[in-house]
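Below is one structure; the comments refer to it alone.
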Amino acid sequence: MNLLSWLDIERVLASETQNFTKLPEGISSIRTYSDAIEIDTISEDRSPAYELLKKTFGSHWRQEGGNAQVFLSYSSHSAIDVIINQDAELDARSAKPLWKDLGYADENPILPKAPEPFSGKSRVVAFHSFKGGVGRTTSLLTWLMATIRQSHKSEGSRPLRILLVDADLEAPGLTYLFKPIDRPEVSWVQLLEATHYPPVDSHNVIRYFSDEVKRFTKHVMGAEVCLLPAFSVTDHMDMSQLIDISVRPEHLARGLDQPWKCTDTLQKLGNSLDADLVLIDLRAGLSELSSPLLFDPRLERFLVTTLSEQAVQGTQFILQKMSALAATTQWQQRYGNDTLAPRVIATFITDEFRKTDRYFSGIEQLKKAYDLTKDDENENAADSLEIIEGEFSSAMLHIGDWDNALRVIEKNNPLLEEAEEWAKNFLLPDLVSELTHCQKETTTNQAKKLLELSDRLVFAEKGESDRLLLTDPLRELAQRHITKLPLVVSIGAKGAGKTFNYIQLCRRKSWLTFLKESHVTLSNEDEAQLNKTFILPHIHSENAEGEALSAVLGARDHYYKTTKTQSVFSYSRFDDQLTKALSDQATDWSQFWEKSIIELHGANPSEVSDFASLTLWLQEKKVRTITIFDGIEDHFKTVSSDKAQASALKALIKIPNRLQEIRNCPMGIITLIREDYIEAVVPQNLGQFRSRYEPYQLVWDADAFLRLTYWTCQQAELDFADSPVEKMTSSEISARLHKLWGLKLGKPTSREAYTVRWVYAALCDLKGRLQARDIVRFLKFSSFETSKSTSTISDRVLSPMAMRKAMTACSEGKVDEAKKEFAVLGDWIKTLSSVDPEHKQIPFSASDVGLESEQLERLVEFGIIYEDKRKNESKRYYLPEAYRKGLNFTMARGGRPRVQAMLKESLGRLPVDI
C-alpha cells in the first residue's frame, strides 16, 4: 500500500465503504482532512472504528492507548491522526449515479433510488468512449442517419424529429459541426445552470430552451434535427462558458431526491420538442460530466472504442464496473434486468487487422469484461455483450462541417448497415405478448406442422420432400455443367447433406429437368442436346426407405423405360459382388467399377466390356447419363484400416480422370463421399484433390443455413413461407424468418441477441462449419418444445425458451451421431466416462481429459476440439457449443467470452441479418 497524501487515505477508505455510503455497523460517519481522519461511532465503543482501520491499513495503522494514527509511506514521522467521536445520528448520505460512488460498488452495493419511468415519447440514447478520437461523434451521426433512412423504409413512416445534445463540456465535437450562425443561443451548460438554480418554474425553463432550439432546426431527408450545443455564442458569451462552469452534471446528481435529474431534464426537453429520439454525445473518460447519464438505467448506451491496447483497457474497466453492478440482485430488483447493458462499437477495423492477435485479444477482453454468466446453464449468456464492428474508411477521417459530415457518412461509413438494423428495431412498436385464442391455436398448429416434417427430414434417407432446394453444390453443378457433363467428387462430413442432394437429383430423373428447376438459362440448342441426358443412381444409403427409395428406383426405371433397356443391376446384387471382390486380393478395382457401371446401364457385357465401348453404345442410342453414388460408408466401413476397401475407393474417385480422357464422352459421374474417407484414401496431394472439387464441397455457410431453414418451413406449409426460396436474397429470407423465431430472443426492442445469429453460432463448430442435419435437428427439437408448451407469443412460431432448451438435445444428438462417424471420438467418449467432472471444464488440458496426442490431433482436425495457440498454458483447448453439452462439459468462468472471440474470428464479419 502506497499512501502518499491524505487523499490516498480517503481513496482507500472510499474503496472499502463504497465512497462512505456503506459504513460498518457501529460507525455513523467518516470524514477525511489533510491533518486528520474523523470517525463518528454510534456508541462509546470504539472497536468498530479500530477494526475498520486495522483491516484497511494493516501495518500503516497504529494505536497506542487512546491515540491512533495512519502512517503515510514516507517515514515513521509522517502520519495522519485519527479522531473518534460519539455521534448516534447516522450519516444520511446515499449513493449517487457517479463514478465516485458506483465505481467503488461491491457485490452488495448501495444504489441510487429508482428513477421514475420516462413519460412522453422521446427515447434517449447516449454515446460514450474511454478515449477521444475513436469515432464516438461520428458513430452518433451514423445512428442519426440510419434512423432517418430507415424511417423511409418502414410502413406508415412519418417525419421524425431528433434532438442532438453535445454533452462533452471539455472537447465538444457536435457543436463545431454547426456554424455559429446555425447554433441556438442556449447551451447544455446553461440548461444545467437553469435546472439547478431555476429562475422560474422548471416547465417554463424547458419551454424556453425548446423554443430556442427549435428555431435552428435542420432538415435532413425529411426529418427535423435540432441541436443543444455544449456552449452558446452570443454578444457576451462564447466558448469561455466551458472554462467557467458553475453547475456540472454531478451537481444535479447529488440532489437527495432527484439523482437522475440530468436525464430527466433532457428527456423533458425532447418531449417539449416532440422529438422521437434524443442522441447524447458524452464526455470521454471516467468523468463525472458523463456518469449521471451513463449509469441511468432508462437510456440505451453505446461505448465506442478502437481495439488498440490503451482504448481496450479503458473500455474494459468501464465494462467491468457496469457488469459488476448489473449482475447484482439489488440492481436487477431496483431497475430491472439488462437495464445497464451497453453495446460496444469497435471502430477502425480492417481485414488485415482481423488476422492479428491484437484483434482477437481485444474482442476477448471486451467480451470477458461484460460477462453476466452466472452458471453454465445460461444458454443466452454468450450475448451478454454485443460488439458492432466498424470497418475502417479513410473518408471518415475528414468529415468537415455538418452537411459534408452527413454526405460522407451516408456514402462511406460501413457502420451504417448495422445502425440501420438498430433503427429498424427502434421504429418497431413493442409487440404484445398476449394472444387471442385463435392466434394461439394458429401458432401452436404451425409448430406442430414444423415438428412433423422436421422429424422426418432429420434423416434424408426417408426423402420426405420433392421440392428442390438449390444448395451451393447443386447450384455449381447446374451452372458449370449445362452441356458438359459433370465429373465430380462432392465431399462433405456426415450430416452435411450428401444423401439429401442425392435424393434431390434422383427426383429430377433427367439433367434437363434439374437445370430447369435450377433456373439456368438454356438455349434451344442446349435443350435439344440435353433431351436424353439421364440421372442414373448407382448405390445408395442402405437406410433409404419410403419416398427416398422410390426416388432412386424411379430414376433408374425412367432411364430403362425411355431407352428400352433391360438391366440386372440391383442393390443386393452389387453388395454380393462387392463382398466377393473385397475378399479377393487379386481384384482389379478399376475393372470392377467399370463392369458395375456397364451393368447399371443395361448394356450387354458380351458386347460392352469397358468405358470406351460403353461410350459407343450410348452414342448409338443418342443417350447421355450421369451416374451418381451415395451410401459409400455403408459398404466401406473400415476404409482407414482395410487396404482392399481403400483400394476400391481410390479406384472409384479416379473414374472422373478416366472419363475425361474419352473424347465426347456421353457419361458423367457424381460421387458423394465423406471427407474422412477422402483423407484415408488420398494421403498425398490431399490439398490439390480438395481444391479440384472445392466448388462442389458440401459446406453450409450462412446463406445456405438461411435457405435450408426457409425451405423446411416451406415444406411444412407455414403461412409466412409462401415465396420461392430460389428467387429470394439472404436478407429477404432472414426477414421472413422473423416469423419463425423472432428478430431477437426477446422483444424486437430488447437487448437480447438477434435470433438468427444466436442459432447460427450455437450450431457451428469453432471453424464456422455447419451441417444440414444440425439445422433440421434444431427445428425439430425447438418445435417439439414449443408444441408442448402451454403458452406462446404472437410474433413467432418458436419460443425463445424452446430454442434454448433445444440446444441440449441438438448437442446430444450430434455427439451420438459423430461418435459413429469418427472412431477417435467414440474412443475418447469411453475415456471421458472415468474422467473427474472437475477436469471436464472449458478450457481444458488434453492430459486432464485423457487425450493422447494422436487423438487430439484428429479431433482438432475434425473441428470437434479447437486449440487456442495463443495460449502457452496446458488449458488451451475448447469445444464448440454444438458438442459441449453432448460431451457433458461445463464452461469455466471466462471461458465463454473466449469461445465467442474464436468463433467471431472464424466466421469473420457477418451481414447484419446473420
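Following the order of the C-alpha cells, first chain is A, next is B, and so on, with residues numbered from 1 inside each chain and ligands from 1 in the order they appear.
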Near Leu706 in chain A, counting only C-alpha atoms, which residues have an atom at most 7 Å away, once you skip same-chain residues fewer than 2 positions from it, shown as a list in words? Ala702, Asp703, Ala704, Leu708, Thr709, Tyr710, Ser730, Ile733 and Ser734 of chain A
Take the selection from the previous step and output its residues with N, CA, C and O atoms, as an mmCIF file, in the first residue's frame.
```
data_model
loop_
_atom_site.group_PDB
_atom_site.id
_atom_site.type_symbol
_atom_site.label_atom_id
_atom_site.label_comp_id
_atom_site.auth_asym_id
_atom_site.auth_seq_id
_atom_site.Cartn_x
_atom_site.Cartn_y
_atom_site.Cartn_z
ATOM 1 N N ALA A 702 -23.594 -19.252 -44.178
ATOM 2 C CA ALA A 702 -24.731 -18.511 -43.636
ATOM 3 C C ALA A 702 -25.902 -18.473 -44.615
ATOM 4 O O ALA A 702 -27.066 -18.630 -44.231
ATOM 5 N N ASP A 703 -25.612 -18.288 -45.899
ATOM 6 C CA ASP A 703 -26.680 -18.226 -46.888
ATOM 7 C C ASP A 703 -27.405 -19.564 -46.991
ATOM 8 O O ASP A 703 -28.648 -19.619 -47.023
ATOM 9 N N ALA A 704 -26.645 -20.664 -47.045
ATOM 10 C CA ALA A 704 -27.257 -21.992 -47.141
ATOM 11 C C ALA A 704 -28.062 -22.326 -45.888
ATOM 12 O O ALA A 704 -29.114 -22.977 -45.959
ATOM 13 N N LEU A 708 -31.969 -23.370 -46.202
ATOM 14 C CA LEU A 708 -32.494 -24.656 -45.743
ATOM 15 C C LEU A 708 -33.579 -24.450 -44.692
ATOM 16 O O LEU A 708 -34.605 -25.145 -44.691
ATOM 17 N N THR A 709 -33.370 -23.486 -43.798
ATOM 18 C CA THR A 709 -34.378 -23.210 -42.772
ATOM 19 C C THR A 709 -35.688 -22.767 -43.413
ATOM 20 O O THR A 709 -36.769 -23.274 -43.077
ATOM 21 N N TYR A 710 -35.600 -21.832 -44.345
ATOM 22 C CA TYR A 710 -36.805 -21.326 -45.010
ATOM 23 C C TYR A 710 -37.464 -22.432 -45.832
ATOM 24 O O TYR A 710 -38.689 -22.580 -45.835
ATOM 25 N N SER A 730 -30.657 -13.352 -49.379
ATOM 26 C CA SER A 730 -30.454 -13.779 -47.984
ATOM 27 C C SER A 730 -31.187 -12.858 -47.017
ATOM 28 O O SER A 730 -31.813 -13.319 -46.057
ATOM 29 N N ILE A 733 -34.897 -13.553 -47.034
ATOM 30 C CA ILE A 733 -35.213 -14.788 -46.308
ATOM 31 C C ILE A 733 -35.141 -14.549 -44.809
ATOM 32 O O ILE A 733 -36.017 -14.969 -44.048
ATOM 33 N N SER A 734 -34.072 -13.869 -44.379
ATOM 34 C CA SER A 734 -33.903 -13.612 -42.948
ATOM 35 C C SER A 734 -35.074 -12.817 -42.391
ATOM 36 O O SER A 734 -35.563 -13.082 -41.287
#
```
For Thr306 in chain A: contacts at 6 Å, only C-alpha atoms, fewer than 6 positions along chain excluded, given as a ChimeraX atom specification: /A:134,346-347
Would you mind writing down, as an MDAnalysis selection string, each residue of range 133-258 of chain A that DSSP on the backbone assigns to helix (DSSP H, G or I)? chainID A and resid 136:153 174:177 180:182 188:196 202:215 239:243 249:253
Who sits within 10 Å of Asp634 in chain A, only C-alpha atoms, same chain under 6 positions skipped, as a ChimeraX atom specification: /A:539-543
If you count only C-alpha atoms, which residues fall within 8 Å of range 320-323 of chain A, apart from same-chain ones fewer than 5 positions away, as a PyMOL selection string? chain A and resi 102-103+340-341+369-372
Expressed in Å to a single decimal, how great is the separation between CA of Gly362 in chain A and CA of Leu307 in chain A? 5.5 Å
Go through range 197-424 of chain A and collect every residue that DSSP, computed from the backbone, puts in strand (DSSP E or B); the answer should be as a PyMOL selection string. chain A and resi 218-220+223-228+277-282+300-305+343-349+386-391
Skip Phe592 in chain A itself and residues of its chain fewer than 5 positions away, then list as a list in words all residues within 12 Å of it, counting only C-alpha atoms.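 Counting only C-alpha atoms, the residues come to Phe574, Gln577, Leu578, Thr579, Lys580, Ala581, Leu582, Asp584, Ala586, Thr587, Ile597, Ile598, Glu599, Ser609, Asp610, Phe611, Ser647, Ala648, Leu649, Ala651, Leu652 and Ile655 of chain A.
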Residues near Arg658 in chain A, cut-off 12 Å, only C-alpha atoms, skip fewer than 4 positions along chain, as an mmCIF file with N, CA, C and O atoms, in the first residue's frame:
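Contents of the output file out_11.cif:
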```cif
data_model
loop_
_atom_site.group_PDB
_atom_site.id
_atom_site.type_symbol
_atom_site.label_atom_id
_atom_site.label_comp_id
_atom_site.auth_asym_id
_atom_site.auth_seq_id
_atom_site.Cartn_x
_atom_site.Cartn_y
_atom_site.Cartn_z
ATOM 1 N N LEU A 487 -18.017 -34.338 -63.957
ATOM 2 C CA LEU A 487 -17.109 -35.403 -63.495
ATOM 3 C C LEU A 487 -16.632 -34.950 -62.127
ATOM 4 O O LEU A 487 -15.598 -34.309 -61.988
ATOM 5 N N SER A 590 -10.309 -51.004 -60.839
ATOM 6 C CA SER A 590 -10.722 -50.181 -61.982
ATOM 7 C C SER A 590 -11.694 -50.959 -62.855
ATOM 8 O O SER A 590 -12.728 -50.435 -63.301
ATOM 9 N N GLN A 591 -11.370 -52.238 -63.112
ATOM 10 C CA GLN A 591 -12.266 -53.088 -63.899
ATOM 11 C C GLN A 591 -13.563 -53.378 -63.150
ATOM 12 O O GLN A 591 -14.641 -53.461 -63.752
ATOM 13 N N TRP A 593 -15.282 -51.431 -61.047
ATOM 14 C CA TRP A 593 -16.225 -50.317 -61.170
ATOM 15 C C TRP A 593 -16.699 -50.152 -62.608
ATOM 16 O O TRP A 593 -17.874 -49.819 -62.858
ATOM 17 N N GLU A 594 -15.809 -50.395 -63.563
ATOM 18 C CA GLU A 594 -16.167 -50.299 -64.975
ATOM 19 C C GLU A 594 -17.279 -51.295 -65.292
ATOM 20 O O GLU A 594 -18.310 -50.945 -65.895
ATOM 21 N N ASP A 610 -15.833 -52.180 -71.609
ATOM 22 C CA ASP A 610 -15.085 -51.103 -70.962
ATOM 23 C C ASP A 610 -15.759 -49.763 -71.267
ATOM 24 O O ASP A 610 -16.762 -49.706 -71.984
ATOM 25 N N PHE A 611 -15.195 -48.689 -70.709
ATOM 26 C CA PHE A 611 -15.803 -47.368 -70.888
ATOM 27 C C PHE A 611 -15.797 -46.928 -72.353
ATOM 28 O O PHE A 611 -16.717 -46.241 -72.814
ATOM 29 N N ALA A 612 -14.789 -47.328 -73.090
ATOM 30 C CA ALA A 612 -14.701 -46.933 -74.497
ATOM 31 C C ALA A 612 -15.860 -47.539 -75.287
ATOM 32 O O ALA A 612 -16.528 -46.841 -76.075
ATOM 33 N N ALA A 651 -9.961 -46.271 -56.549
ATOM 34 C CA ALA A 651 -10.307 -46.501 -57.957
ATOM 35 C C ALA A 651 -11.603 -45.779 -58.322
ATOM 36 O O ALA A 651 -11.738 -45.239 -59.427
ATOM 37 N N LEU A 652 -12.557 -45.741 -57.391
ATOM 38 C CA LEU A 652 -13.835 -45.080 -57.662
ATOM 39 C C LEU A 652 -13.650 -43.581 -57.886
ATOM 40 O O LEU A 652 -14.213 -43.017 -58.837
ATOM 41 N N ILE A 653 -12.861 -42.930 -57.026
ATOM 42 C CA ILE A 653 -12.724 -41.479 -57.158
ATOM 43 C C ILE A 653 -11.775 -41.083 -58.291
ATOM 44 O O ILE A 653 -11.644 -39.890 -58.597
ATOM 45 N N LYS A 654 -11.158 -42.090 -58.944
ATOM 46 C CA LYS A 654 -10.320 -41.805 -60.114
ATOM 47 C C LYS A 654 -11.104 -41.918 -61.421
ATOM 48 O O LYS A 654 -10.587 -41.585 -62.495
ATOM 49 N N ILE A 662 -11.830 -39.602 -72.489
ATOM 50 C CA ILE A 662 -12.630 -40.088 -73.613
ATOM 51 C C ILE A 662 -13.225 -38.897 -74.367
ATOM 52 O O ILE A 662 -13.919 -38.062 -73.789
ATOM 53 N N ARG A 663 -12.964 -38.824 -75.652
ATOM 54 C CA ARG A 663 -13.447 -37.698 -76.460
ATOM 55 C C ARG A 663 -14.967 -37.775 -76.612
ATOM 56 O O ARG A 663 -15.524 -38.830 -76.890
ATOM 57 N N CYS A 665 -17.247 -37.767 -74.439
ATOM 58 C CA CYS A 665 -17.767 -38.812 -73.551
ATOM 59 C C CYS A 665 -19.227 -38.519 -73.179
ATOM 60 O O CYS A 665 -19.535 -37.417 -72.694
ATOM 61 N N MET A 667 -20.851 -39.785 -70.786
ATOM 62 C CA MET A 667 -21.063 -40.192 -69.392
ATOM 63 C C MET A 667 -20.500 -39.144 -68.436
ATOM 64 O O MET A 667 -19.394 -38.646 -68.631
ATOM 65 N N GLY A 668 -21.271 -38.859 -67.404
ATOM 66 C CA GLY A 668 -20.800 -38.053 -66.293
ATOM 67 C C GLY A 668 -20.863 -38.887 -65.026
ATOM 68 O O GLY A 668 -21.445 -39.988 -65.014
ATOM 69 N N ILE A 669 -20.281 -38.381 -63.957
ATOM 70 C CA ILE A 669 -20.326 -39.112 -62.689
ATOM 71 C C ILE A 669 -20.277 -38.104 -61.531
ATOM 72 O O ILE A 669 -19.562 -37.113 -61.590
#
```
Of the listed residues A:Ser119, A:Ser28, A:Gln446, A:Gln645, that which approaches Arg298 in chain A most closely, counting only C-alpha atoms: A:Ser119
Nearest to Lys650 in chain A: which of A:Leu515, A:Ser510, A:Leu505, A:Val489 is it, counting only C-alpha atoms? A:Val489
CA of Glu476 in chain A to CA of Trp617 in chain A: how many Å, to one decimal?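 The value is 29.2 Å.
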Can you tell me which residues surround range 68-84 of chain A at a distance of at most 6 Å, considering only C-alpha atoms, apart from same-chain residues fewer than 6 positions away, and format the answer as number ranges by chain? A: 2-4, 35-40, 60-62
Export of prior selection with C-alpha atoms as an mmCIF file, in the first residue's frame:
```
data_model
loop_
_atom_site.group_PDB
_atom_site.id
_atom_site.type_symbol
_atom_site.label_atom_id
_atom_site.label_comp_id
_atom_site.auth_asym_id
_atom_site.auth_seq_id
_atom_site.Cartn_x
_atom_site.Cartn_y
_atom_site.Cartn_z
ATOM 1 C CA ASN A 2 1.446 3.317 -1.105
ATOM 2 C CA LEU A 3 -0.057 6.232 0.856
ATOM 3 C CA LEU A 4 1.465 9.486 -0.380
ATOM 4 C CA ASP A 35 -4.456 16.554 9.041
ATOM 5 C CA ALA A 36 -6.999 14.122 10.476
ATOM 6 C CA ILE A 37 -9.476 11.304 9.940
ATOM 7 C CA GLU A 38 -12.696 11.831 11.882
ATOM 8 C CA ILE A 39 -14.840 8.783 12.614
ATOM 9 C CA ASP A 40 -18.158 9.025 14.444
ATOM 10 C CA HIS A 60 0.154 1.616 8.226
ATOM 11 C CA TRP A 61 -2.174 1.687 11.234
ATOM 12 C CA ARG A 62 -1.018 2.135 14.815
#
```
Residue nearest Tyr693 in chain A among A:Ser570, A:Gly631, A:Glu817, A:Ile491 (counting only C-alpha atoms):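 Answer, going by the shortest atom-to-atom distance: A:Ile491.
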Pick the closest to Leu279 in chain A from A:Leu299, A:Val623, A:Ile842, A:Ala680: which is it, counting only C-alpha atoms? A:Leu299
Å distance separating CA of Thr265 in chain A from CA of Ala114 in chain A, one decimal place: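 Distance between the two atoms: 16.1 Å.
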